[in-house]
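One file, coords_0.pdb, is given below (PDB, C-alpha atoms).
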ATOM      1  CA  MET A   1       0.000   0.000   0.000  1.00  0.00           C
ATOM      2  CA  ALA A   2       2.913   2.352   0.751  1.00  0.00           C
ATOM      3  CA  LEU A   3       4.404   1.675  -2.687  1.00  0.00           C
ATOM      4  CA  LEU A   4       1.091   2.459  -4.368  1.00  0.00           C
ATOM      5  CA  THR A   5       0.803   5.696  -2.397  1.00  0.00           C
ATOM      6  CA  ALA A   6       4.347   6.703  -3.400  1.00  0.00           C
ATOM      7  CA  VAL A   7       3.657   6.002  -7.079  1.00  0.00           C
ATOM      8  CA  LEU A   8       0.406   7.985  -6.956  1.00  0.00           C
ATOM      9  CA  GLY A   9       2.276  10.868  -5.349  1.00  0.00           C
ATOM     10  CA  ILE A  10       4.855  10.980  -8.140  1.00  0.00           C
ATOM     11  CA  LEU A  11       2.420  10.648 -11.057  1.00  0.00           C
ATOM     12  CA  PRO A  12       1.304  14.318 -11.284  1.00  0.00           C
ATOM     13  CA  LEU A  13       4.865  15.575 -11.695  1.00  0.00           C
ATOM     14  CA  THR A  14       5.735  12.751 -14.081  1.00  0.00           C
ATOM     15  CA  PHE A  15       2.674  13.573 -16.181  1.00  0.00           C
ATOM     16  CA  HIS A  16       3.664  17.251 -16.202  1.00  0.00           C
ATOM     17  CA  ARG A  17       7.239  16.509 -17.274  1.00  0.00           C
ATOM     18  CA  LEU A  18       6.047  14.290 -20.152  1.00  0.00           C
ATOM     19  CA  VAL A  19       3.241  16.490 -21.470  1.00  0.00           C
ATOM     20  CA  SER A  20       4.166  20.130 -20.817  1.00  0.00           C
ATOM     21  CA  PRO A  21       7.183  20.393 -23.178  1.00  0.00           C
ATOM     22  CA  ARG A  22       4.852  19.617 -26.078  1.00  0.00           C
ATOM     23  CA  LEU A  23       2.390  22.375 -25.160  1.00  0.00           C
ATOM     24  CA  ALA A  24       2.811  26.068 -25.803  1.00  0.00           C
ATOM     25  CA  GLY A  25       2.542  29.018 -23.445  1.00  0.00           C
ATOM     26  CA  PHE A  26      -0.141  29.006 -20.767  1.00  0.00           C
ATOM     27  CA  PHE A  27      -1.273  25.480 -21.661  1.00  0.00           C
ATOM     28  CA  SER A  28       2.126  24.088 -20.627  1.00  0.00           C
ATOM     29  CA  THR A  29       1.357  25.110 -17.029  1.00  0.00           C
ATOM     30  CA  LEU A  30      -1.894  23.121 -16.815  1.00  0.00           C
ATOM     31  CA  PRO A  31      -0.835  19.429 -16.749  1.00  0.00           C
ATOM     32  CA  PHE A  32       0.557  19.563 -13.200  1.00  0.00           C
ATOM     33  CA  PRO A  33      -2.466  21.142 -11.446  1.00  0.00           C
ATOM     34  CA  LEU A  34      -4.927  19.013 -13.427  1.00  0.00           C
ATOM     35  CA  ALA A  35      -3.056  15.816 -12.577  1.00  0.00           C
ATOM     36  CA  ALA A  36      -2.615  16.896  -8.943  1.00  0.00           C
ATOM     37  CA  VAL A  37      -6.412  16.964  -8.593  1.00  0.00           C
ATOM     38  CA  ALA A  38      -7.302  14.103 -10.950  1.00  0.00           C
ATOM     39  CA  ILE A  39      -4.996  11.386  -9.606  1.00  0.00           C
ATOM     40  CA  PRO A  40      -6.185  11.491  -5.959  1.00  0.00           C
ATOM     41  CA  ALA A  41      -9.801  11.548  -7.187  1.00  0.00           C
ATOM     42  CA  LEU A  42      -9.045   8.588  -9.448  1.00  0.00           C
ATOM     43  CA  ALA A  43      -7.431   6.722  -6.539  1.00  0.00           C
ATOM     44  CA  VAL A  44     -10.532   7.239  -4.413  1.00  0.00           C
ATOM     45  CA  ALA A  45     -12.795   6.188  -7.299  1.00  0.00           C
ATOM     46  CA  LEU A  46     -10.771   3.004  -7.843  1.00  0.00           C
ATOM     47  CA  TYR A  47     -10.678   2.267  -4.104  1.00  0.00           C
ATOM     48  CA  ALA A  48      -6.886   2.251  -4.216  1.00  0.00           C
ATOM     49  CA  GLY A  49      -6.692   3.519  -0.688  1.00  0.00           C
ATOM     50  CA  VAL A  50      -7.327   6.707   1.130  1.00  0.00           C
ATOM     51  CA  ALA A  51      -6.085   9.672  -0.857  1.00  0.00           C
ATOM     52  CA  PRO A  52      -6.248  13.251   0.354  1.00  0.00           C
ATOM     53  CA  GLN A  53      -8.986  15.231  -1.311  1.00  0.00           C
ATOM     54  CA  ALA A  54      -7.697  18.072  -3.440  1.00  0.00           C
ATOM     55  CA  GLY A  55      -9.077  21.545  -3.080  1.00  0.00           C
ATOM     56  CA  PRO A  56      -8.516  25.063  -4.372  1.00  0.00           C
ATOM     57  CA  LYS A  57      -5.217  25.307  -2.470  1.00  0.00           C
ATOM     58  CA  THR A  58      -3.916  22.235  -4.306  1.00  0.00           C
ATOM     59  CA  ILE A  59      -4.729  23.747  -7.685  1.00  0.00           C
ATOM     60  CA  LEU A  60      -3.239  27.141  -6.796  1.00  0.00           C
ATOM     61  CA  ILE A  61      -0.022  25.670  -5.401  1.00  0.00           C
ATOM     62  CA  ALA A  62       0.459  23.266  -8.323  1.00  0.00           C
ATOM     63  CA  TRP A  63      -0.315  25.934 -10.931  1.00  0.00           C
ATOM     64  CA  PHE A  64       2.012  28.414  -9.228  1.00  0.00           C
ATOM     65  CA  ALA A  65       4.838  25.855  -9.207  1.00  0.00           C
ATOM     66  CA  ALA A  66       4.293  24.916 -12.868  1.00  0.00           C
ATOM     67  CA  THR A  67       4.142  28.564 -13.919  1.00  0.00           C
ATOM     68  CA  LEU A  68       7.295  29.401 -11.987  1.00  0.00           C
ATOM     69  CA  VAL A  69       9.178  26.531 -13.660  1.00  0.00           C
ATOM     70  CA  TRP A  70       7.859  27.599 -17.079  1.00  0.00           C
ATOM     71  CA  MET A  71       8.988  31.204 -16.486  1.00  0.00           C
ATOM     72  CA  TRP A  72      12.384  29.982 -15.277  1.00  0.00           C
ATOM     73  CA  ASN A  73      12.853  27.802 -18.359  1.00  0.00           C
ATOM     74  CA  CYS A  74      11.899  30.708 -20.641  1.00  0.00           C
ATOM     75  CA  GLU A  75      14.436  32.866 -18.781  1.00  0.00           C
ATOM     76  CA  SER A  76      11.752  35.440 -18.116  1.00  0.00           C
ATOM     77  CA  ARG A  77      12.792  38.560 -16.251  1.00  0.00           C
ATOM     78  CA  ALA A  78       9.464  38.516 -14.429  1.00  0.00           C
ATOM     79  CA  THR A  79      10.262  35.279 -12.567  1.00  0.00           C
ATOM     80  CA  THR A  80      11.421  37.089  -9.442  1.00  0.00           C
ATOM     81  CA  ALA A  81       8.394  39.399  -9.479  1.00  0.00           C
ATOM     82  CA  PHE A  82       6.064  36.415  -9.934  1.00  0.00           C
ATOM     83  CA  LEU A  83       7.715  34.586  -7.037  1.00  0.00           C
ATOM     84  CA  GLY A  84       7.382  37.687  -4.865  1.00  0.00           C
ATOM     85  CA  ALA A  85       3.730  38.139  -5.837  1.00  0.00           C
ATOM     86  CA  GLY A  86       3.047  34.509  -4.955  1.00  0.00           C
ATOM     87  CA  PHE A  87       4.677  34.976  -1.570  1.00  0.00           C
ATOM     88  CA  VAL A  88       2.618  38.118  -0.906  1.00  0.00           C
ATOM     89  CA  LEU A  89      -0.599  36.365  -1.999  1.00  0.00           C
ATOM     90  CA  ALA A  90       0.086  33.313   0.175  1.00  0.00           C
ATOM     91  CA  THR A  91       0.887  35.519   3.161  1.00  0.00           C
ATOM     92  CA  ALA A  92      -2.259  37.588   2.608  1.00  0.00           C
ATOM     93  CA  LEU A  93      -4.453  34.476   2.378  1.00  0.00           C
ATOM     94  CA  GLU A  94      -3.000  33.078   5.603  1.00  0.00           C
ATOM     95  CA  LEU A  95      -3.377  36.395   7.428  1.00  0.00           C
ATOM     96  CA  ILE A  96      -6.984  36.717   6.267  1.00  0.00           C
ATOM     97  CA  ALA A  97      -7.678  33.166   7.426  1.00  0.00           C
ATOM     98  CA  HIS A  98      -6.022  33.845  10.783  1.00  0.00           C
ATOM     99  CA  PHE A  99      -7.772  37.124  11.577  1.00  0.00           C
ATOM    100  CA  THR A 100     -11.208  36.541  10.024  1.00  0.00           C
ATOM    101  CA  GLY A 101     -11.557  32.783  10.186  1.00  0.00           C
ATOM    102  CA  VAL A 102     -12.430  32.683   6.471  1.00  0.00           C
ATOM    103  CA  ALA A 103     -10.131  30.353   4.533  1.00  0.00           C
ATOM    104  CA  LEU A 104     -10.086  28.483   1.265  1.00  0.00           C
ATOM    105  CA  PRO A 105     -11.834  25.119   1.604  1.00  0.00           C
ATOM    106  CA  THR A 106      -9.540  22.137   1.930  1.00  0.00           C
ATOM    107  CA  ALA A 107     -11.617  20.046  -0.481  1.00  0.00           C
ATOM    108  CA  PHE A 108     -14.106  20.791  -3.212  1.00  0.00           C
ATOM    109  CA  PRO A 109     -17.775  20.230  -2.267  1.00  0.00           C
ATOM    110  CA  ASN A 110     -18.251  17.826  -5.205  1.00  0.00           C
ATOM    111  CA  SER A 111     -14.736  16.457  -5.343  1.00  0.00           C
ATOM    112  CA  THR A 112     -15.761  13.550  -7.591  1.00  0.00           C
ATOM    113  CA  ILE A 113     -17.128  15.896 -10.256  1.00  0.00           C
ATOM    114  CA  VAL A 114     -14.115  18.216 -10.061  1.00  0.00           C
ATOM    115  CA  GLY A 115     -11.747  15.224 -10.128  1.00  0.00           C
ATOM    116  CA  CYS A 116     -13.477  13.820 -13.225  1.00  0.00           C
ATOM    117  CA  ALA A 117     -13.362  17.232 -14.914  1.00  0.00           C
ATOM    118  CA  CYS A 118      -9.638  17.532 -14.158  1.00  0.00           C
ATOM    119  CA  LEU A 119      -9.081  13.976 -15.385  1.00  0.00           C
ATOM    120  CA  GLY A 120     -10.869  14.848 -18.628  1.00  0.00           C
ATOM    121  CA  GLY A 121      -8.752  17.994 -19.008  1.00  0.00           C
ATOM    122  CA  ALA A 122      -5.559  16.071 -18.340  1.00  0.00           C
ATOM    123  CA  LEU A 123      -6.502  13.394 -20.892  1.00  0.00           C
ATOM    124  CA  PHE A 124      -7.333  16.095 -23.453  1.00  0.00           C
ATOM    125  CA  LEU A 125      -3.934  17.733 -22.937  1.00  0.00           C
ATOM    126  CA  ALA A 126      -2.208  14.340 -23.170  1.00  0.00           C
ATOM    127  CA  VAL A 127      -3.909  13.535 -26.493  1.00  0.00           C
ATOM    128  CA  TRP A 128      -3.174  17.049 -27.756  1.00  0.00           C
ATOM    129  CA  ALA A 129       0.496  16.677 -26.802  1.00  0.00           C
ATOM    130  CA  LEU A 130       0.655  13.248 -28.430  1.00  0.00           C
ATOM    131  CA  PHE A 131       0.002  14.803 -31.843  1.00  0.00           C
ATOM    132  CA  HIS A 132       2.399  17.718 -31.376  1.00  0.00           C
ATOM    133  CA  PRO A 133       6.098  16.855 -31.506  1.00  0.00           C
ATOM    134  CA  LEU A 134       8.672  18.340 -29.186  1.00  0.00           C
ATOM    135  CA  PRO A 135       9.875  21.740 -30.383  1.00  0.00           C
ATOM    136  CA  VAL A 136      13.211  21.591 -32.166  1.00  0.00           C
ATOM    137  CA  ARG A 137      15.987  23.422 -30.395  1.00  0.00           C
ATOM    138  CA  SER A 138      17.523  26.132 -32.546  1.00  0.00           C
ATOM    139  CA  TRP A 139      21.208  26.156 -33.333  1.00  0.00           C
ATOM    140  CA  ALA A 140      21.721  29.035 -30.897  1.00  0.00           C
ATOM    141  CA  ASN A 141      20.727  26.804 -27.975  1.00  0.00           C
ATOM    142  CA  ARG A 142      23.191  24.039 -28.785  1.00  0.00           C
ATOM    143  CA  ARG A 143      26.493  24.076 -26.936  1.00  0.00           C
ATOM    144  CA  GLU A 144      28.403  22.631 -29.891  1.00  0.00           C
ATOM    145  CA  ALA A 145      27.371  25.477 -32.206  1.00  0.00           C
ATOM    146  CA  ILE A 146      28.222  28.149 -29.673  1.00  0.00           C
ATOM    147  CA  ALA A 147      31.601  26.527 -28.950  1.00  0.00           C
ATOM    148  CA  ARG A 148      32.501  26.607 -32.665  1.00  0.00           C
ATOM    149  CA  LEU A 149      31.928  30.325 -32.979  1.00  0.00           C
ATOM    150  CA  GLN A 150      35.201  32.170 -32.975  1.00  0.00           C
ATOM    151  CA  SER A 151      36.102  35.778 -32.430  1.00  0.00           C
ATOM    152  CA  PRO A 152      37.307  37.447 -35.655  1.00  0.00           C
ATOM    153  CA  PHE A 153      39.811  39.502 -33.674  1.00  0.00           C
ATOM    154  CA  THR A 154      41.558  36.952 -31.486  1.00  0.00           C
ATOM    155  CA  GLY A 155      40.760  33.633 -33.121  1.00  0.00           C
ATOM    156  CA  ASP A 156      39.819  32.233 -29.714  1.00  0.00           C
ATOM    157  CA  ALA A 157      36.657  30.245 -29.318  1.00  0.00           C
ATOM    158  CA  LEU A 158      33.947  31.961 -27.347  1.00  0.00           C
ATOM    159  CA  GLN A 159      33.783  30.955 -23.719  1.00  0.00           C
ATOM    160  CA  VAL A 160      30.935  28.543 -23.097  1.00  0.00           C
ATOM    161  CA  ALA A 161      29.570  28.485 -19.586  1.00  0.00           C
ATOM    162  CA  GLY A 162      30.334  25.293 -17.759  1.00  0.00           C
ATOM    163  CA  GLU A 163      33.192  24.112 -19.981  1.00  0.00           C
ATOM    164  CA  PRO A 164      36.341  23.191 -18.105  1.00  0.00           C
ATOM    165  CA  GLY A 165      39.413  25.262 -18.777  1.00  0.00           C
ATOM    166  CA  HIS A 166      37.643  28.549 -19.476  1.00  0.00           C
TER     167      HIS A 166
END
Just dump the structure as structure tokens.
Amino acid sequence: MALLTAVLGILPLTFHRLVSPRLAGFFSTLPFPLAAVAIPALAVALYAGVAPQAGPKTILIAWFAATLVWMWNCESRATTAFLGAGFVLATALELIAHFTGVALPTAFPNSTIVGCACLGGALFLAVWALFHPLPVRSWANRREAIARLQSPFTGDALQVAGEPGH
């Protein structure tokens, strides 16, 4: 049972890593939150054990993490601002919950319906990604091409980050 729980815990991230590179823009941030809600709901539906019910916090945290990774991979200059905004939002939500007693629910009221909807969305994205190949890396992103570029003034190869001896 512990092995099954561990596998179910890893599946959302595995699904995200397989599907998101084949999706563009905002859609590449959706596989992780959809799978994070769908897989526990699927485990409960299949009686594979007791799985924690996902709620709005689960979706927000998973989407924030996927968006942050996407921004980091795109080398966006707004990554730090987005991380700071997420920290401020999380702090504000916790302070509101502490002082007013009003907090986001821990589980959706109809978690089976939401889980099925997320499962359908995840399957749609998986089928969509299946028919779209991985984007081809341009020559500018390949270390070999950059290493072969030489300065016309010195004849030295350009320094490539991470290469020993430079």
Q: Determine, counting all atoms listed in the file, which protein, DNA and RNA residues have an atom within 10 Å of an atom of A:Ala35; residues of the same chain fewer than 6 positions away are not included. Present the result as a list in words.
A: Leu11, Pro12, Leu13, Thr14, Phe15, His16, Ala41, Leu42, Ile59, Ala62, Gly115, Cys118, Leu119, Gly120, Gly121, Ala122 and Leu123 of chain A
Q) Can you list, as a PyMOL selection string, every protein, DNA or RNA residue that comes within 10 Å of stretch 66-70 of chain A when you count all atoms listed in the file, leaving out same-chain residues fewer than 4 positions away? A) chain A and resi 13+16-17+20-21+25-33+60-62+74-76+78-80+82-83+86
**Q.** Polymer residues at most 7 Å from stretch 97-114 of chain A, all atoms listed in the file, same-chain spacing of 4 or more positions, as a list in words
**A.**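 The filter keeps Ala41, Gln53, Ala54, Gly55, Pro56, Lys57, Leu93 and Cys118 of chain A.
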Q: Between A:Val19, A:Val37, A:Ala85, A:Val44, single out the one closest to A:Trp128, counting all atoms listed in the file.
A: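 That would be A:Val19, the residue with the smallest distance to A:Trp128.
Taking atom CA of A:Leu134 and atom CA of A:Ile39 as endpoints, the distance between them is 24.9 Å.
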Q: Measuring atom to atom with all atoms listed in the file, identify which of A:Pro40, A:Gly9, A:Pro133, A:Gly84 is nearest to A:Leu23.
A: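 Closest candidate: A:Pro133.
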Q.
Report, in Å to a single decimal, how far apart atom CA of A:Met1 and atom CA of A:Ala38 are.
A.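 Rounded to one decimal, the two atoms are 19.3 Å apart.
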Please write stretch 64-126 of chain A of the preceding block to a file containing C-alpha atoms, as a JSON list (two decimals), in the first residue's frame?
[["chain", "number", "residue", "atom", "x", "y", "z"],
["A", 64, "PHE", "CA", 2.01, 28.41, -9.23],
["A", 65, "ALA", "CA", 4.84, 25.85, -9.21],
["A", 66, "ALA", "CA", 4.29, 24.92, -12.87],
["A", 67, "THR", "CA", 4.14, 28.56, -13.92],
["A", 68, "LEU", "CA", 7.30, 29.40, -11.99],
["A", 69, "VAL", "CA", 9.18, 26.53, -13.66],
["A", 70, "TRP", "CA", 7.86, 27.60, -17.08],
["A", 71, "MET", "CA", 8.99, 31.20, -16.49],
["A", 72, "TRP", "CA", 12.38, 29.98, -15.28],
["A", 73, "ASN", "CA", 12.85, 27.80, -18.36],
["A", 74, "CYS", "CA", 11.90, 30.71, -20.64],
["A", 75, "GLU", "CA", 14.44, 32.87, -18.78],
["A", 76, "SER", "CA", 11.75, 35.44, -18.12],
["A", 77, "ARG", "CA", 12.79, 38.56, -16.25],
["A", 78, "ALA", "CA", 9.46, 38.52, -14.43],
["A", 79, "THR", "CA", 10.26, 35.28, -12.57],
["A", 80, "THR", "CA", 11.42, 37.09, -9.44],
["A", 81, "ALA", "CA", 8.39, 39.40, -9.48],
["A", 82, "PHE", "CA", 6.06, 36.41, -9.93],
["A", 83, "LEU", "CA", 7.71, 34.59, -7.04],
["A", 84, "GLY", "CA", 7.38, 37.69, -4.87],
["A", 85, "ALA", "CA", 3.73, 38.14, -5.84],
["A", 86, "GLY", "CA", 3.05, 34.51, -4.95],
["A", 87, "PHE", "CA", 4.68, 34.98, -1.57],
["A", 88, "VAL", "CA", 2.62, 38.12, -0.91],
["A", 89, "LEU", "CA", -0.60, 36.36, -2.00],
["A", 90, "ALA", "CA", 0.09, 33.31, 0.17],
["A", 91, "THR", "CA", 0.89, 35.52, 3.16],
["A", 92, "ALA", "CA", -2.26, 37.59, 2.61],
["A", 93, "LEU", "CA", -4.45, 34.48, 2.38],
["A", 94, "GLU", "CA", -3.00, 33.08, 5.60],
["A", 95, "LEU", "CA", -3.38, 36.40, 7.43],
["A", 96, "ILE", "CA", -6.98, 36.72, 6.27],
["A", 97, "ALA", "CA", -7.68, 33.17, 7.43],
["A", 98, "HIS", "CA", -6.02, 33.84, 10.78],
["A", 99, "PHE", "CA", -7.77, 37.12, 11.58],
["A", 100, "THR", "CA", -11.21, 36.54, 10.02],
["A", 101, "GLY", "CA", -11.56, 32.78, 10.19],
["A", 102, "VAL", "CA", -12.43, 32.68, 6.47],
["A", 103, "ALA", "CA", -10.13, 30.35, 4.53],
["A", 104, "LEU", "CA", -10.09, 28.48, 1.26],
["A", 105, "PRO", "CA", -11.83, 25.12, 1.60],
["A", 106, "THR", "CA", -9.54, 22.14, 1.93],
["A", 107, "ALA", "CA", -11.62, 20.05, -0.48],
["A", 108, "PHE", "CA", -14.11, 20.79, -3.21],
["A", 109, "PRO", "CA", -17.77, 20.23, -2.27],
["A", 110, "ASN", "CA", -18.25, 17.83, -5.20],
["A", 111, "SER", "CA", -14.74, 16.46, -5.34],
["A", 112, "THR", "CA", -15.76, 13.55, -7.59],
["A", 113, "ILE", "CA", -17.13, 15.90, -10.26],
["A", 114, "VAL", "CA", -14.11, 18.22, -10.06],
["A", 115, "GLY", "CA", -11.75, 15.22, -10.13],
["A", 116, "CYS", "CA", -13.48, 13.82, -13.23],
["A", 117, "ALA", "CA", -13.36, 17.23, -14.91],
["A", 118, "CYS", "CA", -9.64, 17.53, -14.16],
["A", 119, "LEU", "CA", -9.08, 13.98, -15.39],
["A", 120, "GLY", "CA", -10.87, 14.85, -18.63],
["A", 121, "GLY", "CA", -8.75, 17.99, -19.01],
["A", 122, "ALA", "CA", -5.56, 16.07, -18.34],
["A", 123, "LEU", "CA", -6.50, 13.39, -20.89],
["A", 124, "PHE", "CA", -7.33, 16.09, -23.45],
["A", 125, "LEU", "CA", -3.93, 17.73, -22.94],
["A", 126, "ALA", "CA", -2.21, 14.34, -23.17]]
